[in-house]
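Reproduced below: query.cif, with mmCIF, C-alpha atoms and all ligand atoms.
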data_my_file
#
loop_
_atom_site.label_atom_id
_atom_site.label_comp_id
_atom_site.auth_asym_id
_atom_site.auth_seq_id
_atom_site.Cartn_x
_atom_site.Cartn_y
_atom_site.Cartn_z
CA MET I 1 110.70 113.91 121.15
CA ALA I 2 108.37 111.55 123.05
CA GLU I 3 108.46 107.88 122.05
CA PRO I 4 105.78 106.96 119.55
CA MET I 5 103.32 104.06 119.81
CA GLU I 6 103.61 101.33 117.21
CA ILE I 7 100.37 100.39 115.42
CA ARG I 8 100.47 98.05 112.45
CA GLY I 9 103.94 99.23 111.46
CA PHE I 10 102.91 102.90 111.86
CA ARG I 11 104.52 105.21 114.35
CA TYR I 12 101.85 107.18 116.22
CA TRP I 13 102.33 110.20 118.49
CA PRO I 14 98.92 110.99 120.05
CA GLY I 15 98.63 114.66 121.02
CA LEU I 16 102.17 115.53 119.91
CA LEU I 17 101.11 119.11 119.12
CA ASP I 18 99.73 121.01 122.11
CA ALA I 19 96.90 123.57 121.82
CA ALA I 20 99.30 126.49 121.18
CA ALA I 21 101.18 124.59 118.45
CA GLN I 22 97.89 123.59 116.83
CA ALA I 23 96.64 127.20 116.81
CA ALA I 24 99.96 128.44 115.37
CA LEU I 25 99.75 125.82 112.63
CA VAL I 26 96.18 126.85 111.75
CA ALA I 27 97.39 130.46 111.41
CA GLU I 28 100.14 129.33 108.99
CA LEU I 29 97.59 127.29 107.04
CA ARG I 30 95.33 130.33 106.68
CA ALA I 31 98.14 131.92 104.65
CA VAL I 32 98.50 128.76 102.53
CA VAL I 33 94.77 128.69 101.77
CA ALA I 34 94.74 132.43 101.00
CA ALA I 35 97.40 131.86 98.29
CA ALA I 36 96.06 128.49 97.05
CA PRO I 37 92.35 128.19 97.90
CA LEU I 38 90.73 124.89 98.87
CA TYR I 39 88.94 123.42 95.87
CA ALA I 40 86.52 120.53 95.35
CA PRO I 41 88.37 117.68 93.59
CA VAL I 42 86.77 115.16 91.23
CA THR I 43 87.96 111.55 90.80
CA PRO I 44 89.13 110.38 87.35
CA GLY I 45 85.74 108.60 87.14
CA GLY I 46 83.98 111.95 87.57
CA ARG I 47 82.80 111.56 91.17
CA PRO I 48 83.11 114.64 93.37
CA MET I 49 85.16 113.99 96.52
CA SER I 50 83.64 115.15 99.83
CA VAL I 51 87.02 116.42 101.05
CA ARG I 52 88.27 119.83 99.84
CA MET I 53 91.97 120.12 99.03
CA THR I 54 94.96 122.27 98.33
CA SER I 55 98.72 121.81 98.67
CA ALA I 56 101.94 123.54 99.66
CA GLY I 57 105.41 122.74 98.39
CA ARG I 58 107.18 122.17 95.09
CA LEU I 59 104.41 119.84 93.91
CA GLY I 60 100.74 119.45 94.78
CA TRP I 61 98.60 116.33 94.53
CA VAL I 62 95.58 116.84 92.27
CA THR I 63 92.77 114.79 90.82
CA ASP I 64 90.34 115.52 88.00
CA ARG I 65 88.99 113.73 84.91
CA ARG I 66 92.59 113.52 83.63
CA GLY I 67 93.70 111.38 86.57
CA TYR I 68 95.52 111.38 89.90
CA ARG I 69 98.92 113.10 89.71
CA TYR I 70 101.30 115.72 91.08
CA GLU I 71 101.33 119.18 89.50
CA ALA I 72 103.61 122.22 89.95
CA ALA I 73 100.63 124.61 90.09
CA HIS I 74 97.20 124.94 91.73
CA PRO I 75 94.25 124.41 89.33
CA SER I 76 94.02 128.24 89.09
CA GLY I 77 97.56 128.33 87.65
CA VAL I 78 99.31 129.90 90.66
CA ALA I 79 102.37 128.18 92.15
CA TRP I 80 101.77 126.28 95.41
CA PRO I 81 102.87 128.32 98.45
CA PRO I 82 105.83 127.10 100.52
CA ILE I 83 105.39 124.43 103.18
CA PRO I 84 105.20 126.19 106.60
CA ALA I 85 108.54 126.10 108.47
CA SER I 86 106.97 124.47 111.57
CA VAL I 87 105.70 121.60 109.40
CA LEU I 88 109.13 121.11 107.80
CA ALA I 89 110.71 121.06 111.28
CA LEU I 90 108.33 118.28 112.36
CA TRP I 91 109.14 116.30 109.19
CA HIS I 92 112.90 116.50 109.71
CA GLY I 93 112.64 115.87 113.46
CA LEU I 94 110.41 112.79 113.21
CA THR I 95 111.76 111.18 110.02
CA GLY I 96 115.44 111.98 110.64
CA LEU I 97 115.73 112.73 106.91
CA ASP I 98 117.73 115.59 105.38
CA ARG I 99 115.56 115.37 102.27
CA ALA I 100 112.62 117.78 102.41
CA PRO I 101 109.14 116.65 101.37
CA ASP I 102 107.99 117.80 97.91
CA CYS I 103 104.33 118.00 98.86
CA CYS I 104 102.22 118.98 101.84
CA LEU I 105 98.69 117.99 100.85
CA VAL I 106 96.03 119.86 102.83
CA ASN I 107 92.73 117.96 103.17
CA PHE I 108 89.73 119.74 104.69
CA TYR I 109 86.84 117.65 106.02
CA GLY I 110 83.56 119.48 106.60
CA GLU I 111 80.46 117.86 108.10
CA GLY I 112 79.86 114.44 106.52
CA ALA I 113 83.15 114.31 104.60
CA LYS I 114 85.06 111.02 104.37
CA MET I 115 87.76 109.35 102.32
CA GLY I 116 87.40 105.83 100.94
CA LEU I 117 89.96 103.09 101.52
CA HIS I 118 92.95 103.60 99.19
CA GLN I 119 96.73 103.32 98.88
CA ASP I 120 99.05 106.29 98.30
CA ARG I 121 100.89 105.25 95.17
CA ASP I 122 101.28 108.28 92.95
CA GLU I 123 104.83 108.89 94.19
CA GLY I 124 107.98 107.68 92.48
CA ASP I 125 109.74 106.18 95.49
CA PHE I 126 107.96 104.31 98.28
CA THR I 127 111.11 104.01 100.40
CA PHE I 128 110.40 107.52 101.77
CA PRO I 129 107.85 107.66 104.60
CA VAL I 130 104.62 109.68 104.68
CA LEU I 131 103.87 111.96 107.66
CA SER I 132 100.31 112.92 108.63
CA ILE I 133 99.18 115.66 111.05
CA SER I 134 95.56 115.90 112.26
CA LEU I 135 93.93 119.19 113.33
CA GLY I 136 90.38 119.93 114.45
CA ASP I 137 87.52 117.44 114.71
CA GLU I 138 88.07 113.79 115.59
CA ALA I 139 88.06 111.35 112.67
CA LEU I 140 87.71 107.59 112.46
CA PHE I 141 90.80 106.36 110.61
CA ARG I 142 90.81 102.82 109.19
CA VAL I 143 93.98 101.01 108.27
CA GLY I 144 94.60 97.58 106.80
CA GLY I 145 97.55 95.85 105.19
CA THR I 146 99.20 96.05 101.79
CA ASP I 147 96.51 93.75 100.32
CA ARG I 148 93.02 95.22 99.87
CA ARG I 149 91.55 92.11 101.54
CA ASP I 150 93.71 92.27 104.68
CA PRO I 151 91.74 92.86 107.90
CA THR I 152 91.45 96.49 108.99
CA GLU I 153 91.47 98.20 112.36
CA SER I 154 90.08 101.59 113.32
CA LEU I 155 91.48 104.43 115.38
CA TRP I 156 90.03 107.83 116.31
CA LEU I 157 92.52 110.53 115.24
CA ARG I 158 92.41 113.71 117.36
CA SER I 159 93.69 117.23 116.97
CA GLY I 160 97.47 117.33 117.39
CA ASP I 161 98.01 113.63 116.58
CA VAL I 162 100.87 112.74 114.23
CA LEU I 163 101.34 109.48 112.27
CA LEU I 164 104.39 108.28 110.34
CA MET I 165 104.00 105.54 107.75
CA GLY I 166 107.25 103.93 106.66
CA GLY I 167 108.45 100.50 105.61
CA ALA I 168 105.63 98.09 104.71
CA ALA I 169 103.06 100.48 106.23
CA ARG I 170 103.87 102.99 103.47
CA LEU I 171 101.67 100.97 101.12
CA ALA I 172 98.94 100.07 103.61
CA TRP I 173 95.30 100.58 102.59
CA HIS I 174 93.73 103.37 104.64
CA GLY I 175 90.85 105.83 104.76
CA ILE I 176 88.64 108.06 106.91
CA ASP I 177 85.20 106.56 107.64
CA ARG I 178 83.62 109.51 109.43
CA LEU I 179 84.05 112.66 111.45
CA ARG I 180 82.72 113.66 114.86
CA PHE I 181 81.70 117.08 113.57
CA ARG I 182 82.29 119.89 116.10
CA SER I 183 84.10 117.55 118.53
CA SER I 184 87.00 120.07 118.64
CA ARG I 185 86.95 123.85 119.07
CA LEU I 186 90.16 124.46 117.12
CA LEU I 187 88.36 125.55 113.94
CA PRO I 188 85.54 128.06 114.61
CA GLY I 189 83.28 126.61 111.92
CA GLY I 190 84.09 123.00 112.82
CA GLY I 191 85.75 120.47 110.54
CA ARG I 192 89.08 118.72 110.28
CA ILE I 193 92.35 119.46 108.51
CA ASN I 194 94.82 116.73 107.67
CA LEU I 195 98.30 117.52 106.41
CA THR I 196 100.09 114.76 104.52
CA LEU I 197 103.77 115.21 103.75
CA ARG I 198 105.31 113.19 100.94
CA VAL I 199 108.49 112.91 98.92
CA VAL I 200 107.38 112.62 95.31
CA ALA I 201 110.91 112.16 93.94
CA THR I 202 110.31 113.28 90.38
CA SER I 203 112.71 116.22 90.35
CA PRO I 204 115.37 116.08 87.57
CA SER I 205 118.04 115.75 90.28
CA SER I 206 116.51 112.58 91.70
CA SER I 207 115.55 110.78 88.48
C1 LIG I 301 98.84 105.25 105.43
N1 LIG I 301 94.56 111.24 104.14
O1 LIG I 301 95.65 112.28 101.87
S1 LIG I 301 95.92 110.57 106.98
C2 LIG I 301 95.63 111.05 101.98
O2 LIG I 301 93.11 111.93 107.17
C3 LIG I 301 95.00 110.43 103.18
O3 LIG I 301 93.08 113.00 105.31
C4 LIG I 301 93.81 110.79 105.26
O4 LIG I 301 94.91 109.25 103.23
C5 LIG I 301 93.31 111.99 105.98
O5 LIG I 301 96.12 110.28 101.16
C6 LIG I 301 94.54 109.87 106.16
C7 LIG I 301 96.81 109.17 107.46
C8 LIG I 301 97.58 108.55 106.35
C9 LIG I 301 98.16 109.31 105.36
C10 LIG I 301 98.97 108.73 104.41
C11 LIG I 301 99.20 107.37 104.43
C12 LIG I 301 97.78 107.21 106.36
C13 LIG I 301 98.59 106.61 105.40
C14 LIG I 301 100.06 106.76 103.50
C15 LIG I 301 100.31 105.42 103.57
C16 LIG I 301 99.69 104.67 104.52
FE FE I 302 96.15 108.36 101.70
#
Could you express the structure from this file as structure tokens?
Amino acid sequence: MAEPMEIRGFRYWPGLLDAAAQAALVAELRAVVAAAPLYAPVTPGGRPMSVRMTSAGRLGWVTDRRGYRYEAAHPSGVAWPPIPASVLALWHGLTGLDRAPDCCLVNFYGEGAKMGLHQDRDEGDFTFPVLSISLGDEALFRVGGTDRRDPTESLWLRSGDVLLMGGAARLAWHGIDRLRFRSSRLLPGGGRINLTLRVVATSPSSS
């Protein structure tokens, strides 16, 4: 595996997935979305999010009026489909962990979608890293420190880029400010997919 760049404690592999690997991944994600359709999430405060979501894996991340949490089923009641094998191979190869992720969150950004600055803290164990894979249109990613007031820096994420957040970076504030809609031809209708792999660590065997 090529050596990653180091940005603010993150490990960053620009263009790690070539065009063929990206297209193969999109084909696997079509099967995920066929089993567990993208839905429009609502924050606990009742605000609709601009990103559409679904998940694969043992647990999926969901949000609605009842709060942010992990659930064993899609809002429709069906079990989440399995995480694609190519995605699991990337996780094990880049993290060096034997432990599989519990969740592969699938975020879809259409024209105008964004994600406000936040921390990922709904998991039970922050010692495990988070892996992110970008596909499709370019997106302006903003990352700060572990304090909301820490200065931030911005980076354009492109199709095939992979980021690994471990150590102190695991609790960094981050978000997506905007998309360059139709900047990539990977998805025929435009848009961006981000996969986020996480260990949730709430299984009976790990508690
Ligand atoms: C830094 N997703 O799903 S990926 C999320 O592009 C999320 O859809 C964004 O933030 C997206 O929670 C950003 C990059 C990323 C993902 C997880 C992180 C950065 C992170 C976890 C900790 C710190
Ligand atoms: Fe996040």
Taking into account all atoms listed in the file, which residue in the set I:Leu97, I:Leu59, I:Val143, I:Met1 is nearest to Trp13 of chain I?
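The answer is I:Met1, which sits nearest to Trp13 of chain I.
Between Pro82 of chain I and the candidates I:Glu28, I:Asp177, I:Asp120, I:Asp98, the tightest atom-to-atom separation, counting only C-alpha atoms, involves I:Glu28.
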Measuring between all atoms listed in the file, which one of I:Arg99, I:Ala31, I:Val62, I:Leu25 shows the shortest distance to Ser86 of chain I?
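That would be I:Leu25, the residue with the smallest distance to Ser86 of chain I.
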Here is a test: counting all atoms listed in the file, which residue of I:Gly116, I:Pro75, I:Gly124, I:Gly190 is nearest to ligand FE 302 (chain I)?
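Of all the options, I:Gly116 lies closest to ligand FE 302 (chain I).
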For segment 154-165 of chain I, please output as a ChimeraX atom specification all residues within 7 Å (counting all atoms listed in the file; exclusion window: fewer than 2 positions along the same chain).
/I:10-18,22,129-143,152,169-170
So which one's closest to ligand LIG 301 (chain I), I:Pro41, I:Gly96, I:Gly166, I:Gly189? Using only C-alpha atoms and all ligand atoms, please.
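Checking each candidate against ligand LIG 301 (chain I), we get I:Gly166 as the closest.
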Taking all atoms listed in the file into account, which residues are within 9 Å of ligand FE 302 (chain I), as a PyMOL selection string?
chain I and resi 115+117-121+172-175+196
Report, as lines of an AutoDock Vina configuration file, the centre and edge lengths in Å (one decimal) of the axis-aligned box enclosing every listed atom of ligand LIG 301 (chain I), padded by 3 Å on each side.
center_x = 96.7
center_y = 108.8
center_z = 104.3
size_x = 13.2
size_y = 14.3
size_z = 12.3
How many Å lie between atom CA of Gly45 of chain I and atom CA of Arg66 of chain I, rounded to one decimal?
9.1 Å
Contacts of Ala100 of chain I at 10 Å (only C-alpha atoms; same-chain gap of 6+ positions) as number ranges by chain
I: 57, 83, 88-89, 91-92, 197-199
Quick one: pull the distance between atom CA of Met49 of chain I and atom C16 of ligand LIG 301 (chain I), Å, one decimal.
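Interatomic distance here is 19.0 Å.
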Would you mind putting back N, CA and C atoms on segment 4-31 of chain I, then writing it out as an mmCIF file, in the frame of the given file?
data_model
loop_
_atom_site.group_PDB
_atom_site.id
_atom_site.type_symbol
_atom_site.label_atom_id
_atom_site.label_comp_id
_atom_site.auth_asym_id
_atom_site.auth_seq_id
_atom_site.Cartn_x
_atom_site.Cartn_y
_atom_site.Cartn_z
ATOM 1 N N PRO I 4 107.072 107.237 120.178
ATOM 2 C CA PRO I 4 105.780 106.960 119.550
ATOM 3 C C PRO I 4 105.234 105.582 119.925
ATOM 4 N N MET I 5 103.922 105.395 119.718
ATOM 5 C CA MET I 5 103.320 104.060 119.810
ATOM 6 C C MET I 5 103.494 103.397 118.450
ATOM 7 N N GLU I 6 103.453 102.094 118.451
ATOM 8 C CA GLU I 6 103.610 101.330 117.210
ATOM 9 C C GLU I 6 102.267 100.658 116.924
ATOM 10 N N ILE I 7 101.651 101.002 115.785
ATOM 11 C CA ILE I 7 100.370 100.390 115.420
ATOM 12 C C ILE I 7 100.469 99.924 113.980
ATOM 13 N N ARG I 8 100.445 98.617 113.792
ATOM 14 C CA ARG I 8 100.470 98.050 112.450
ATOM 15 C C ARG I 8 101.616 98.580 111.595
ATOM 16 N N GLY I 9 102.783 98.741 112.208
ATOM 17 C CA GLY I 9 103.940 99.230 111.460
ATOM 18 C C GLY I 9 103.971 100.743 111.323
ATOM 19 N N PHE I 10 102.942 101.437 111.871
ATOM 20 C CA PHE I 10 102.910 102.900 111.860
ATOM 21 C C PHE I 10 103.536 103.390 113.151
ATOM 22 N N ARG I 11 104.122 104.561 113.112
ATOM 23 C CA ARG I 11 104.520 105.210 114.350
ATOM 24 C C ARG I 11 103.483 106.296 114.633
ATOM 25 N N TYR I 12 102.986 106.332 115.866
ATOM 26 C CA TYR I 12 101.850 107.180 116.220
ATOM 27 C C TYR I 12 102.182 107.977 117.482
ATOM 28 N N TRP I 13 102.111 109.306 117.354
ATOM 29 C CA TRP I 13 102.330 110.200 118.490
ATOM 30 C C TRP I 13 100.997 110.896 118.810
ATOM 31 N N PRO I 14 100.178 110.325 119.717
ATOM 32 C CA PRO I 14 98.920 110.990 120.050
ATOM 33 C C PRO I 14 99.195 112.316 120.763
ATOM 34 N N GLY I 15 98.510 113.361 120.333
ATOM 35 C CA GLY I 15 98.630 114.660 121.020
ATOM 36 C C GLY I 15 100.021 115.267 120.999
ATOM 37 N N LEU I 16 100.801 114.980 119.968
ATOM 38 C CA LEU I 16 102.170 115.530 119.910
ATOM 39 C C LEU I 16 102.164 117.056 119.893
ATOM 40 N N LEU I 17 101.206 117.641 119.182
ATOM 41 C CA LEU I 17 101.110 119.110 119.120
ATOM 42 C C LEU I 17 100.149 119.587 120.208
ATOM 43 N N ASP I 18 100.612 120.479 121.066
ATOM 44 C CA ASP I 18 99.730 121.010 122.110
ATOM 45 C C ASP I 18 98.818 122.095 121.506
ATOM 46 N N ALA I 19 97.903 122.625 122.325
ATOM 47 C CA ALA I 19 96.900 123.570 121.820
ATOM 48 C C ALA I 19 97.547 124.788 121.161
ATOM 49 N N ALA I 20 98.637 125.296 121.746
ATOM 50 C CA ALA I 20 99.300 126.490 121.180
ATOM 51 C C ALA I 20 99.935 126.156 119.823
ATOM 52 N N ALA I 21 100.557 124.999 119.720
ATOM 53 C CA ALA I 21 101.180 124.590 118.450
ATOM 54 C C ALA I 21 100.117 124.365 117.371
ATOM 55 N N GLN I 22 98.984 123.801 117.786
ATOM 56 C CA GLN I 22 97.890 123.590 116.830
ATOM 57 C C GLN I 22 97.358 124.923 116.302
ATOM 58 N N ALA I 23 97.166 125.889 117.209
ATOM 59 C CA ALA I 23 96.640 127.200 116.810
ATOM 60 C C ALA I 23 97.641 127.922 115.905
ATOM 61 N N ALA I 24 98.933 127.798 116.205
ATOM 62 C CA ALA I 24 99.960 128.440 115.370
ATOM 63 C C ALA I 24 99.964 127.823 113.977
ATOM 64 N N LEU I 25 99.774 126.520 113.921
ATOM 65 C CA LEU I 25 99.750 125.820 112.630
ATOM 66 C C LEU I 25 98.528 126.256 111.812
ATOM 67 N N VAL I 26 97.386 126.387 112.467
ATOM 68 C CA VAL I 26 96.180 126.850 111.750
ATOM 69 C C VAL I 26 96.423 128.239 111.171
ATOM 70 N N ALA I 27 97.102 129.108 111.917
ATOM 71 C CA ALA I 27 97.390 130.460 111.410
ATOM 72 C C ALA I 27 98.280 130.384 110.164
ATOM 73 N N GLU I 28 99.275 129.492 110.178
ATOM 74 C CA GLU I 28 100.140 129.330 108.990
ATOM 75 C C GLU I 28 99.340 128.769 107.813
ATOM 76 N N LEU I 29 98.387 127.889 108.119
ATOM 77 C CA LEU I 29 97.590 127.290 107.040
ATOM 78 C C LEU I 29 96.605 128.288 106.443
ATOM 79 N N ARG I 30 96.208 129.294 107.246
ATOM 80 C CA ARG I 30 95.330 130.330 106.680
ATOM 81 C C ARG I 30 96.057 131.060 105.546
ATOM 82 N N ALA I 31 97.355 131.266 105.698
ATOM 83 C CA ALA I 31 98.140 131.920 104.650
ATOM 84 C C ALA I 31 98.264 131.008 103.417
#
